[in-house]
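Colleague: Sharing coords-v4.txt here; it has compact mmCIF, C-alpha atoms.
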# COMPACT_ATOMS: atom_id res chain seq x y z
CA MET P 1 -91.39 -198.77 -39.49
CA LEU P 2 -91.96 -200.83 -42.62
CA THR P 3 -92.99 -204.35 -41.63
CA LYS P 4 -91.99 -207.71 -43.05
CA ARG P 5 -94.76 -209.27 -45.11
CA ILE P 6 -96.29 -212.73 -44.82
CA ILE P 7 -97.77 -213.83 -48.14
CA PRO P 8 -99.83 -216.98 -48.64
CA CYS P 9 -99.53 -218.20 -52.20
CA LEU P 10 -102.53 -219.75 -53.84
CA ASP P 11 -101.38 -221.98 -56.67
CA ILE P 12 -104.31 -222.28 -59.02
CA LYS P 13 -105.06 -225.16 -61.31
CA ASN P 14 -108.43 -225.45 -63.03
CA GLY P 15 -109.84 -222.79 -60.70
CA ARG P 16 -108.82 -224.62 -57.51
CA THR P 17 -105.97 -224.06 -55.10
CA VAL P 18 -103.31 -226.75 -55.20
CA LYS P 19 -99.85 -227.25 -53.78
CA GLY P 20 -97.42 -230.02 -54.49
CA VAL P 21 -94.03 -231.26 -53.43
CA ASN P 22 -91.30 -229.92 -55.74
CA PHE P 23 -94.10 -228.70 -58.00
CA LEU P 24 -95.37 -232.25 -58.68
CA ASN P 25 -98.00 -234.48 -56.99
CA LEU P 26 -100.58 -231.76 -56.61
CA ARG P 27 -103.04 -231.82 -53.72
CA ASP P 28 -106.31 -229.91 -53.58
CA ALA P 29 -106.25 -227.21 -50.90
CA GLY P 30 -109.57 -225.56 -51.51
CA ASN P 31 -111.57 -222.80 -53.10
CA PRO P 32 -109.36 -219.78 -53.94
CA ILE P 33 -111.89 -217.07 -53.12
CA GLU P 34 -112.82 -218.57 -49.76
CA LEU P 35 -109.14 -219.02 -48.98
CA ALA P 36 -108.36 -215.44 -50.03
CA GLU P 37 -111.04 -214.02 -47.73
CA MET P 38 -109.94 -216.24 -44.87
CA TYR P 39 -106.34 -215.07 -45.24
CA ALA P 40 -107.30 -211.39 -45.57
CA ASN P 41 -109.21 -211.68 -42.30
CA ASN P 42 -106.48 -213.58 -40.49
CA GLY P 43 -103.37 -211.48 -40.79
CA ALA P 44 -102.03 -212.10 -44.30
CA ASP P 45 -100.31 -208.98 -45.63
CA GLU P 46 -100.73 -209.81 -49.28
CA LEU P 47 -101.76 -212.69 -51.49
CA VAL P 48 -100.21 -214.19 -54.58
CA PHE P 49 -102.20 -216.19 -57.11
CA LEU P 50 -100.09 -218.26 -59.45
CA ASP P 51 -101.80 -220.15 -62.23
CA ILE P 52 -99.29 -222.98 -62.30
CA THR P 53 -100.77 -224.63 -65.34
CA ALA P 54 -100.66 -221.45 -67.37
CA THR P 55 -97.09 -221.33 -68.58
CA GLU P 56 -97.04 -224.93 -69.65
CA GLN P 57 -100.35 -224.83 -71.46
CA LYS P 58 -100.04 -221.25 -72.70
CA ARG P 59 -103.35 -220.55 -71.05
CA LYS P 60 -104.32 -216.98 -70.24
CA THR P 61 -104.75 -216.21 -66.57
CA LEU P 62 -108.03 -216.13 -64.81
CA ALA P 63 -109.37 -212.61 -65.21
CA ALA P 64 -112.79 -213.64 -63.95
CA LEU P 65 -111.33 -215.14 -60.79
CA VAL P 66 -109.22 -212.00 -60.27
CA LYS P 67 -112.33 -209.83 -60.43
CA LYS P 68 -114.15 -211.99 -57.87
CA VAL P 69 -111.16 -211.84 -55.54
CA ALA P 70 -110.81 -208.06 -55.94
CA GLU P 71 -114.48 -207.59 -55.07
CA LYS P 72 -114.07 -209.53 -51.85
CA ILE P 73 -110.69 -208.78 -50.32
CA ASN P 74 -109.20 -205.59 -48.87
CA ILE P 75 -105.48 -206.41 -49.04
CA PRO P 76 -103.19 -206.30 -52.09
CA PHE P 77 -102.73 -209.26 -54.36
CA THR P 78 -100.47 -210.33 -57.21
CA VAL P 79 -101.43 -212.53 -60.12
CA GLY P 80 -99.05 -214.59 -62.21
CA GLY P 81 -98.97 -217.45 -64.67
CA GLY P 82 -98.94 -217.36 -68.43
CA ILE P 83 -98.52 -213.61 -68.75
CA THR P 84 -96.74 -212.88 -72.01
CA SER P 85 -97.86 -209.44 -73.15
CA VAL P 86 -98.83 -205.89 -72.23
CA GLU P 87 -102.42 -206.82 -73.13
CA ASP P 88 -102.44 -209.73 -70.65
CA VAL P 89 -101.32 -207.38 -67.89
CA GLU P 90 -103.85 -204.72 -68.82
CA VAL P 91 -106.71 -207.24 -68.50
CA LEU P 92 -105.51 -208.41 -65.07
CA LEU P 93 -104.93 -204.92 -63.65
CA ASN P 94 -108.28 -203.76 -65.00
CA SER P 95 -109.90 -206.78 -63.32
CA GLY P 96 -108.56 -205.55 -59.98
CA ALA P 97 -105.12 -207.16 -59.54
CA ASP P 98 -102.63 -204.87 -57.80
CA LYS P 99 -99.52 -206.44 -59.25
CA VAL P 100 -98.62 -209.03 -61.83
CA SER P 101 -95.86 -211.55 -61.73
CA ILE P 102 -93.96 -212.63 -64.84
CA ASN P 103 -91.48 -215.46 -65.02
CA SER P 104 -90.67 -217.53 -68.13
CA SER P 105 -91.93 -214.83 -70.49
CA ALA P 106 -89.46 -212.33 -69.00
CA VAL P 107 -86.56 -214.71 -69.63
CA LYS P 108 -87.70 -215.34 -73.21
CA ASN P 109 -88.39 -211.65 -73.84
CA PRO P 110 -86.59 -209.47 -71.27
CA ASN P 111 -87.84 -206.32 -72.97
CA LEU P 112 -91.32 -207.22 -71.69
CA ILE P 113 -90.19 -206.02 -68.25
CA ASN P 114 -89.28 -202.60 -69.68
CA GLN P 115 -92.56 -202.38 -71.60
CA LEU P 116 -94.66 -203.26 -68.55
CA ALA P 117 -92.73 -200.96 -66.20
CA THR P 118 -93.09 -198.05 -68.61
CA LYS P 119 -96.80 -198.57 -69.20
CA PHE P 120 -97.99 -199.53 -65.70
CA GLY P 121 -95.19 -198.36 -63.39
CA ASN P 122 -92.55 -200.62 -61.85
CA GLN P 123 -94.48 -200.85 -58.57
CA CYS P 124 -96.87 -203.40 -60.08
CA ILE P 125 -94.31 -205.56 -61.88
CA VAL P 126 -93.03 -208.56 -59.93
CA VAL P 127 -90.46 -210.72 -61.66
CA ALA P 128 -90.59 -214.29 -60.37
CA ILE P 129 -87.38 -216.27 -60.62
CA ASP P 130 -87.18 -220.04 -60.10
CA ALA P 131 -83.64 -221.23 -59.61
CA LYS P 132 -81.74 -224.36 -58.66
CA LYS P 133 -78.13 -224.83 -57.65
CA ILE P 134 -76.37 -226.98 -60.26
CA LYS P 135 -72.63 -227.67 -59.90
CA ASN P 136 -72.30 -224.86 -57.40
CA GLU P 137 -74.02 -222.28 -59.62
CA TRP P 138 -77.55 -220.95 -59.14
CA LEU P 139 -79.26 -221.32 -62.51
CA VAL P 140 -82.61 -219.88 -63.57
CA HIS P 141 -85.26 -222.47 -64.50
CA LEU P 142 -88.34 -222.07 -66.68
CA VAL P 143 -91.84 -223.53 -67.06
CA GLY P 144 -92.61 -224.03 -63.39
CA GLY P 145 -89.02 -225.02 -62.66
CA LYS P 146 -88.91 -227.86 -65.18
CA VAL P 147 -86.54 -226.44 -67.80
CA PRO P 148 -83.01 -225.34 -66.84
CA THR P 149 -81.29 -222.40 -68.52
CA THR P 150 -77.66 -221.28 -68.46
CA ILE P 151 -78.65 -217.94 -66.91
CA ASN P 152 -77.06 -217.12 -63.55
CA LEU P 153 -79.62 -216.20 -60.88
CA PHE P 154 -77.72 -213.15 -59.60
CA ASP P 155 -76.97 -211.74 -63.05
CA TRP P 156 -80.62 -212.12 -63.98
CA ALA P 157 -81.78 -210.48 -60.75
CA LYS P 158 -79.63 -207.42 -61.46
CA GLU P 159 -80.91 -207.29 -65.02
CA VAL P 160 -84.59 -207.43 -64.06
CA GLU P 161 -84.03 -204.62 -61.56
CA ARG P 162 -82.30 -202.52 -64.23
CA ARG P 163 -85.17 -203.19 -66.64
CA GLY P 164 -87.76 -201.92 -64.18
CA ALA P 165 -89.00 -204.76 -61.97
CA GLY P 166 -90.53 -203.46 -58.74
CA GLU P 167 -89.96 -206.67 -56.78
CA ILE P 168 -88.34 -210.06 -57.16
CA LEU P 169 -90.10 -213.25 -56.08
CA PHE P 170 -87.33 -215.81 -55.69
CA THR P 171 -88.18 -219.51 -55.44
CA SER P 172 -85.41 -221.95 -54.66
CA MET P 173 -86.26 -225.19 -56.47
CA ASP P 174 -83.93 -226.99 -54.08
CA ASN P 175 -86.00 -225.89 -51.09
CA ASP P 176 -89.51 -225.77 -52.51
CA GLY P 177 -91.79 -228.38 -51.00
CA THR P 178 -89.15 -229.69 -48.60
CA LYS P 179 -90.33 -227.78 -45.48
CA ASN P 180 -86.68 -227.62 -44.45
CA GLY P 181 -86.37 -223.83 -44.51
CA PHE P 182 -85.75 -221.10 -47.07
CA SER P 183 -82.59 -220.69 -49.12
CA ASN P 184 -81.17 -218.01 -46.85
CA THR P 185 -77.65 -217.71 -48.25
CA ALA P 186 -78.86 -217.07 -51.81
CA LEU P 187 -81.56 -214.74 -50.48
CA ALA P 188 -79.11 -212.65 -48.48
CA THR P 189 -76.86 -212.33 -51.53
CA LEU P 190 -79.82 -211.25 -53.66
CA SER P 191 -80.90 -208.72 -51.08
CA THR P 192 -77.52 -207.00 -51.09
CA LEU P 193 -77.11 -207.17 -54.89
CA VAL P 194 -80.37 -205.46 -55.80
CA ASN P 195 -82.17 -202.51 -54.26
CA ILE P 196 -85.75 -203.68 -54.78
CA PRO P 197 -87.75 -205.80 -52.31
CA ILE P 198 -87.18 -209.57 -52.32
CA ILE P 199 -89.99 -212.02 -51.66
CA ALA P 200 -88.62 -215.35 -50.47
CA SER P 201 -90.33 -218.55 -51.55
CA GLY P 202 -89.72 -222.26 -51.15
CA GLY P 203 -89.05 -224.28 -48.04
CA ALA P 204 -91.27 -222.89 -45.27
CA GLY P 205 -91.98 -225.58 -42.70
CA ASN P 206 -92.05 -223.99 -39.27
CA THR P 207 -91.90 -220.67 -37.42
CA LEU P 208 -88.12 -220.74 -37.08
CA HIS P 209 -87.81 -220.83 -40.87
CA PHE P 210 -89.66 -217.51 -41.07
CA ILE P 211 -87.48 -215.96 -38.37
CA ASP P 212 -84.39 -217.12 -40.29
CA VAL P 213 -85.59 -215.86 -43.67
CA PHE P 214 -86.02 -212.33 -42.31
CA THR P 215 -82.81 -212.26 -40.27
CA LYS P 216 -80.29 -214.50 -42.08
CA GLY P 217 -82.01 -214.29 -45.48
CA LYS P 218 -82.66 -210.51 -45.25
CA ALA P 219 -85.94 -211.02 -47.12
CA ASP P 220 -88.58 -208.28 -47.25
CA ALA P 221 -91.43 -210.75 -47.49
CA ALA P 222 -91.91 -214.49 -47.14
CA LEU P 223 -94.26 -216.55 -49.23
CA ALA P 224 -95.62 -220.00 -48.45
CA ALA P 225 -98.54 -222.17 -49.44
CA SER P 226 -99.15 -225.58 -47.91
CA VAL P 227 -98.14 -224.70 -44.33
CA PHE P 228 -100.88 -222.08 -44.42
CA HIS P 229 -103.46 -223.97 -46.49
CA PHE P 230 -103.32 -227.00 -44.22
CA LYS P 231 -103.20 -224.82 -41.09
CA GLU P 232 -99.85 -226.19 -39.98
CA ILE P 233 -98.94 -222.56 -39.28
CA GLU P 234 -101.52 -219.93 -38.31
CA ILE P 235 -100.42 -216.51 -39.55
CA LYS P 236 -101.56 -214.73 -36.38
CA VAL P 237 -99.54 -217.08 -34.19
CA LEU P 238 -96.56 -216.83 -36.53
CA LYS P 239 -96.61 -213.03 -36.40
CA LYS P 240 -96.63 -213.01 -32.60
CA GLN P 241 -93.53 -215.20 -32.65
CA LEU P 242 -91.85 -212.95 -35.21
CA ARG P 243 -92.57 -209.88 -33.10
CA LYS P 244 -91.14 -211.63 -30.03
CA ASN P 245 -87.98 -212.04 -32.08
CA ASN P 246 -87.87 -208.31 -32.86
CA ILE P 247 -88.98 -208.70 -36.45
CA PRO P 248 -91.40 -205.88 -37.35
CA VAL P 249 -94.77 -207.26 -38.44
CA ARG P 250 -98.30 -205.91 -38.81
CA ILE P 251 -100.49 -207.22 -35.99
CA MET M 1 -124.21 -189.31 -52.14
CA ASN M 2 -122.53 -188.74 -55.49
CA ILE M 3 -118.95 -189.96 -55.42
CA ALA M 4 -116.79 -189.29 -58.47
CA ILE M 5 -113.56 -191.20 -59.07
CA ILE M 6 -111.50 -189.21 -61.55
CA ASP M 7 -110.63 -191.38 -64.53
CA TYR M 8 -107.59 -190.17 -66.42
CA GLY M 9 -106.16 -193.52 -67.42
CA ALA M 10 -103.66 -193.76 -64.57
CA GLY M 11 -103.95 -196.68 -62.27
CA ASN M 12 -106.03 -199.33 -60.70
CA ILE M 13 -109.46 -197.80 -60.29
CA GLN M 14 -111.32 -201.12 -59.95
CA SER M 15 -110.04 -201.90 -56.47
CA LEU M 16 -111.06 -198.45 -55.25
CA LYS M 17 -114.52 -198.90 -56.75
CA PHE M 18 -114.83 -202.36 -55.17
CA ALA M 19 -113.74 -201.00 -51.78
CA LEU M 20 -116.45 -198.33 -51.90
CA ASN M 21 -118.98 -201.00 -52.90
CA ARG M 22 -118.02 -203.04 -49.85
CA LEU M 23 -118.79 -199.98 -47.73
CA GLY M 24 -122.19 -199.68 -49.39
CA TYR M 25 -121.44 -196.80 -51.78
CA GLU M 26 -121.59 -196.61 -55.54
CA ALA M 27 -119.00 -194.42 -57.21
CA ILE M 28 -118.97 -193.05 -60.73
CA VAL M 29 -115.69 -193.45 -62.60
CA THR M 30 -115.60 -190.40 -64.86
CA LYS M 31 -113.58 -187.84 -66.76
CA SER M 32 -116.57 -185.55 -67.27
CA ALA M 33 -115.98 -182.06 -65.83
CA THR M 34 -119.70 -181.64 -65.15
CA VAL M 35 -120.01 -184.92 -63.23
CA ILE M 36 -116.87 -184.18 -61.21
CA LYS M 37 -117.94 -180.60 -60.40
CA ASN M 38 -121.38 -181.75 -59.23
CA ALA M 39 -120.18 -184.69 -57.12
CA ASP M 40 -120.43 -184.52 -53.32
CA LYS M 41 -117.04 -186.18 -52.95
CA VAL M 42 -114.21 -186.53 -55.42
CA ILE M 43 -111.48 -189.17 -55.31
CA PHE M 44 -108.32 -188.62 -57.33
CA PRO M 45 -106.42 -191.91 -57.57
CA GLY M 46 -103.34 -192.82 -59.55
CA VAL M 47 -100.38 -195.09 -59.88
CA GLY M 48 -97.58 -194.91 -62.41
CA HIS M 49 -95.38 -192.12 -63.64
CA ALA M 50 -95.93 -188.49 -62.57
CA SER M 51 -95.14 -186.78 -65.85
CA SER M 52 -97.25 -189.07 -68.04
CA ALA M 53 -100.13 -188.79 -65.54
CA MET M 54 -99.83 -184.99 -65.57
CA ASP M 55 -99.89 -185.02 -69.40
CA LYS M 56 -103.11 -187.01 -69.28
CA LEU M 57 -104.66 -184.51 -66.84
CA LYS M 58 -103.67 -181.61 -69.09
CA ALA M 59 -105.08 -183.30 -72.18
CA THR M 60 -108.54 -183.28 -70.61
CA LYS M 61 -108.08 -179.93 -68.76
CA LEU M 62 -108.45 -181.72 -65.43
CA ASP M 63 -105.30 -179.87 -64.30
CA VAL M 64 -107.39 -176.69 -64.20
CA LEU M 65 -110.57 -178.30 -62.86
CA ILE M 66 -109.14 -180.19 -59.85
CA PRO M 67 -107.51 -177.28 -57.96
CA ALA M 68 -110.74 -175.25 -58.37
CA LEU M 69 -113.00 -177.90 -56.78
CA LYS M 70 -114.87 -176.83 -53.62
CA GLN M 71 -116.12 -180.19 -52.28
CA PRO M 72 -113.88 -182.63 -50.34
CA VAL M 73 -111.26 -184.13 -52.66
CA LEU M 74 -109.11 -187.12 -51.71
CA GLY M 75 -105.89 -187.77 -53.63
CA ILE M 76 -104.48 -191.27 -53.28
CA CYS M 77 -100.83 -192.25 -53.87
CA LEU M 78 -99.75 -190.61 -57.15
CA GLY M 79 -102.93 -188.53 -56.92
CA MET M 80 -101.63 -186.98 -53.69
CA GLN M 81 -98.21 -186.41 -55.20
CA LEU M 82 -99.68 -184.67 -58.24
CA MET M 83 -101.50 -182.28 -55.88
CA CYS M 84 -98.10 -180.91 -54.82
CA ASN M 85 -96.12 -178.11 -56.51
CA TYR M 86 -93.51 -180.25 -58.12
CA SER M 87 -92.21 -183.82 -58.45
CA GLU M 88 -88.65 -184.93 -59.12
CA GLU M 89 -90.19 -187.81 -61.09
CA GLY M 90 -89.81 -186.67 -64.69
CA ASN M 91 -89.20 -183.09 -63.45
CA THR M 92 -92.95 -182.55 -63.30
CA LYS M 93 -94.89 -179.43 -62.34
CA GLY M 94 -97.87 -180.47 -60.24
CA LEU M 95 -101.29 -179.02 -59.47
CA GLY M 96 -99.91 -176.71 -56.77
CA ILE M 97 -102.50 -177.47 -54.09
CA PHE M 98 -99.98 -178.58 -51.47
CA ASP M 99 -96.88 -176.41 -51.12
CA ALA M 100 -94.45 -179.33 -51.23
CA LYS M 101 -91.88 -180.92 -53.50
CA VAL M 102 -92.04 -184.66 -54.18
CA LYS M 103 -88.62 -186.32 -53.87
CA ARG M 104 -87.21 -189.76 -54.65
CA PHE M 105 -86.24 -192.08 -51.81
CA PRO M 106 -82.43 -192.40 -51.66
CA ASN M 107 -80.81 -195.72 -52.53
CA THR M 108 -79.85 -196.27 -48.90
CA VAL M 109 -83.28 -197.93 -48.62
CA LYS M 110 -85.01 -200.32 -51.00
CA VAL M 111 -86.93 -198.49 -53.69
CA PRO M 112 -89.87 -198.78 -54.13
CA GLN M 113 -91.04 -199.04 -50.57
CA ILE M 114 -93.59 -201.85 -50.69
CA GLY M 115 -95.64 -203.02 -47.76
CA TRP M 116 -97.35 -202.03 -44.53
CA ASN M 117 -95.87 -199.16 -42.57
CA GLU M 118 -96.99 -197.57 -39.30
CA ILE M 119 -98.61 -194.16 -39.52
CA THR M 120 -98.20 -191.69 -36.65
CA ASN M 121 -99.02 -188.13 -35.53
CA LEU M 122 -102.51 -188.54 -36.93
CA GLU M 123 -104.52 -185.33 -37.16
CA GLY M 124 -107.98 -184.36 -38.30
CA ALA M 125 -111.24 -185.86 -39.51
CA LEU M 126 -109.62 -188.31 -41.92
CA PHE M 127 -108.18 -190.30 -39.00
CA LYS M 128 -111.21 -190.49 -36.74
CA ASN M 129 -111.35 -193.92 -35.02
CA ILE M 130 -107.96 -194.85 -36.44
CA ARG M 131 -105.32 -195.57 -33.80
CA GLU M 132 -101.83 -194.12 -33.68
CA ASN M 133 -99.32 -196.57 -35.19
CA GLU M 134 -101.98 -198.18 -37.36
CA PHE M 135 -100.60 -199.97 -40.43
CA MET M 136 -101.38 -198.87 -43.97
CA TYR M 137 -100.29 -200.36 -47.29
CA LEU M 138 -97.83 -198.31 -49.33
CA VAL M 139 -96.19 -198.75 -52.71
CA HIS M 140 -94.05 -195.84 -53.83
CA SER M 141 -90.60 -194.66 -54.93
CA TYR M 142 -91.20 -190.94 -54.42
CA TYR M 143 -92.27 -189.24 -51.19
CA VAL M 144 -93.43 -185.92 -49.81
CA PRO M 145 -91.22 -184.43 -47.07
CA LEU M 146 -92.84 -183.12 -43.90
CA ASN M 147 -94.52 -179.76 -44.46
CA SER M 148 -97.13 -177.44 -42.93
CA THR M 149 -100.03 -179.49 -44.40
CA THR M 150 -98.84 -182.88 -43.07
CA VAL M 151 -101.55 -184.70 -41.05
CA ALA M 152 -99.90 -188.14 -40.78
CA LYS M 153 -96.30 -189.33 -40.82
CA ALA M 154 -94.39 -192.53 -41.41
CA THR M 155 -90.73 -193.48 -41.31
CA TYR M 156 -88.81 -194.87 -44.25
CA TYR M 157 -85.17 -193.82 -43.93
CA LYS M 158 -86.63 -190.72 -42.22
CA LEU M 159 -90.00 -189.26 -41.22
CA TYR M 160 -92.09 -188.10 -44.19
CA SER M 161 -95.69 -187.16 -45.01
CA VAL M 162 -98.18 -189.96 -45.61
CA ALA M 163 -101.21 -187.68 -45.43
CA MET M 164 -101.84 -183.99 -46.02
CA GLN M 165 -104.77 -181.64 -45.74
CA LYS M 166 -105.39 -178.12 -46.93
CA ASP M 167 -108.89 -176.64 -46.94
CA ASN M 168 -111.12 -179.15 -48.81
CA PHE M 169 -108.15 -181.08 -50.21
CA TYR M 170 -106.93 -184.31 -48.62
CA GLY M 171 -104.16 -186.57 -49.75
CA VAL M 172 -102.91 -189.96 -48.61
CA GLN M 173 -99.76 -191.70 -49.81
CA PHE M 174 -101.00 -195.12 -48.73
CA HIS M 175 -103.78 -197.10 -50.40
CA PRO M 176 -106.85 -197.08 -48.12
CA GLU M 177 -108.65 -199.39 -50.56
CA LYS M 178 -105.95 -202.02 -49.90
CA SER M 179 -105.29 -201.34 -46.20
CA SER M 180 -107.73 -203.76 -44.63
CA ALA M 181 -110.24 -202.52 -42.01
CA ALA M 182 -108.20 -199.41 -41.13
CA GLY M 183 -108.17 -198.30 -44.75
CA GLU M 184 -111.92 -198.81 -45.00
CA GLN M 185 -112.36 -196.68 -41.88
CA LEU M 186 -110.38 -193.89 -43.54
CA LEU M 187 -112.57 -194.04 -46.65
CA LYS M 188 -115.67 -193.93 -44.44
CA ASN M 189 -114.24 -190.91 -42.61
CA PHE M 190 -113.61 -189.11 -45.87
CA LEU M 191 -117.12 -189.80 -47.11
CA LYS M 192 -118.54 -188.34 -43.88
CA ILE M 193 -116.62 -185.05 -44.12
Represent the structure of the file as structure tokens.

Modeller:
Amino acid sequence: MLTKRIIPCLDIKNGRTVKGVNFLNLRDAGNPIELAEMYANNGADELVFLDITATEQKRKTLAALVKKVAEKINIPFTVGGGITSVEDVEVLLNSGADKVSINSSAVKNPNLINQLATKFGNQCIVVAIDAKKIKNEWLVHLVGGKVPTTINLFDWAKEVERRGAGEILFTSMDNDGTKNGFSNTALATLSTLVNIPIIASGGAGNTLHFIDVFTKGKADAALAASVFHFKEIEIKVLKKQLRKNNIPVRI
Amino acid sequence: MNIAIIDYGAGNIQSLKFALNRLGYEAIVTKSATVIKNADKVIFPGVGHASSAMDKLKATKLDVLIPALKQPVLGICLGMQLMCNYSEEGNTKGLGIFDAKVKRFPNTVKVPQIGWNEITNLEGALFKNIRENEFMYLVHSYYVPLNSTTVAKATYYKLYSVAMQKDNFYGVQFHPEKSSAAGEQLLKNFLKI
């Protein structure tokens, strides 16, 4: 049976792992390579590296860091942040990344999804979507969630699937950093609207939130950062609890 | 030991090379027929689209070389699928090593399948010291149905082949280079065949 995935996210700024509340007030949570190895050895199913400064500063992602990570760890990992072209993706995949995540650049140039899926296969293209509920409508946001658009989350999700995305990483801006749980209603809707895996992000605070995101939210994977980085939740302990609740996990 | 990783421009070869390095082996990434023929072990990786990958193999005559190899050959993911007779992906004729047709998962399940799935009914040298129901990492939209060469199975909407063996040819649908300690054990097993 295919298992539900637990994915620590390492937000990278200036080569260090950081995580803030609602994407602001960043705190230093350590060395990314050490963290990556620690997670790989302690039950993480995958890792995501997001260079959160990249989109804003138009900085290219950290190919050198990717190579160091790929040398060390034996589980899959995704890299995102500032990816705007086929060439950017080629560099990252050749450095050892398994998947890449695109966000703002896909909204600005949706055809990039088609180009990447055709050249590298849709299995390695993750489209990250940040959204926030405004006047009862889920709207896509850009540049690390700072800039609102008029694009409807669910319409965009269907479009990225049609264009060749292999997975969707959905972050609810309303939940991110709150530790009050994932956005399960929106997640469940997404999961029935598209037929590609959904990675849930934003709001993880305790074990119950993970149980809910897989049952109520119908997510295929759950991503979190600070609860793992600051050892508020140990992945091994979390997985035992999930299994007790009949959620299939790799132990 | 000379290990050749076949380089035909399809897929993430770095992570495979790094995985072998972690096990203490150096592999040569090559498209040279001579190097491949003379290697002790050959690994045939691949991700991406079947028909474009097959075109690349044909362009360098690797489509003729690979089925004629006599040493142990391990196909991974798309590599394994290309070793079959035929793939529905792009209506592609394969290398014809495994007598099987590669089919697309139906839309009753999420496609691609991405993640760790349990592997069962493990048979043969490839799975030495790997437990039944071990987890391996898979990323794929097309699958190989059960057939006479199946040596490991998994369930995704139904039971299908996640590993095959015929003579000196081995194939795994999952990515051993990304499947933690169990995947490393499988690579070690292959290198000891």

Colleague: Give me, as JSON, numbers by chain, the contact residues of chain M against chain P at a cut-off of 9 Å, counting only C-alpha atoms.

Modeller: {"M": [10, 11, 12, 13, 14, 15, 16, 17, 18, 19, 21, 22, 47, 48, 49, 107, 108, 109, 110, 111, 112, 113, 114, 115, 116, 117, 118, 119, 134, 135, 137, 139, 140, 141, 154, 155, 156, 176, 177, 178, 179, 180, 181, 183, 184]}

Colleague: Show me as an MDAnalysis selection string the residues that reach within 7 Å of (-90.3, -189.6, -55.4), counting only C-alpha atoms and using the file's own coordinates.

Modeller: chainID M and resid 87:89 102:105 141:143

Colleague: In Å to one decimal, how far is CA of Trp156 in chain P from CA of Pro110 in chain P?

Modeller: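 Those two atoms sit 9.8 Å apart.
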
Colleague: At most 8 Å from (-86.9, -226.3, -52.0), file frame, only C-alpha atoms: which residues, as a ChimeraX atom specification?

Modeller: /P:22,171-183,202-203

Colleague: Please report the interatomic distance between CA of Glu123 in chain M and CA of Val73 in chain M in Å with one decimal.

Modeller: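 Separation of CA of Glu123 in chain M and CA of Val73 in chain M: 16.9 Å.
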
Colleague: So the first atom is CA of Lys133 in chain P and the second is CA of Thr207 in chain P; what is the distance between them in Å, to one decimal place?

Modeller: 24.8 Å

Colleague: Closest to Asn184 in chain P among P:Lys239, P:Lys231, P:Lys158, P:His209, using all atoms listed in the file?

Modeller: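 The shortest atom-to-atom distance to Asn184 in chain P comes from P:His209.
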
Colleague: From the list M:Gln71, M:Asn133, M:Ser51, M:Gln81, which residue is nearest Gln173 in chain M when using all atoms listed in the file?

Modeller: M:Gln81

Colleague: Near Leu62 in chain P, counting all atoms listed in the file, which residues have an atom at most 10 Å away, once you skip same-chain residues fewer than 3 positions from it, shown as JSON, numbers by chain?

Modeller: {"P": [12, 14, 15, 49, 50, 51, 54, 59, 65, 66, 67, 79, 80, 81, 82, 91, 92, 95]}

Colleague: Calculated over only C-alpha atoms, which of the candidates M:Ala33, M:Leu95, M:Ile130, M:Val64 has the smallest distance to Met80 in chain M?

Modeller: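 Checking each of M:Ala33, M:Leu95, M:Ile130, M:Val64 against Met80 in chain M, counting only C-alpha atoms, the winner is M:Leu95.
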
Colleague: With 5 Å added on each side, what axis-aligned box encloses every listed atom of range 129-138 of chain P? Give the centre and edge lengths in Å to one decimal, as AutoDock Vina command-line options.

Modeller:
--center_x -79.8 --center_y -222.0 --center_z -59.0 --size_x 25.1 --size_y 21.4 --size_z 13.2
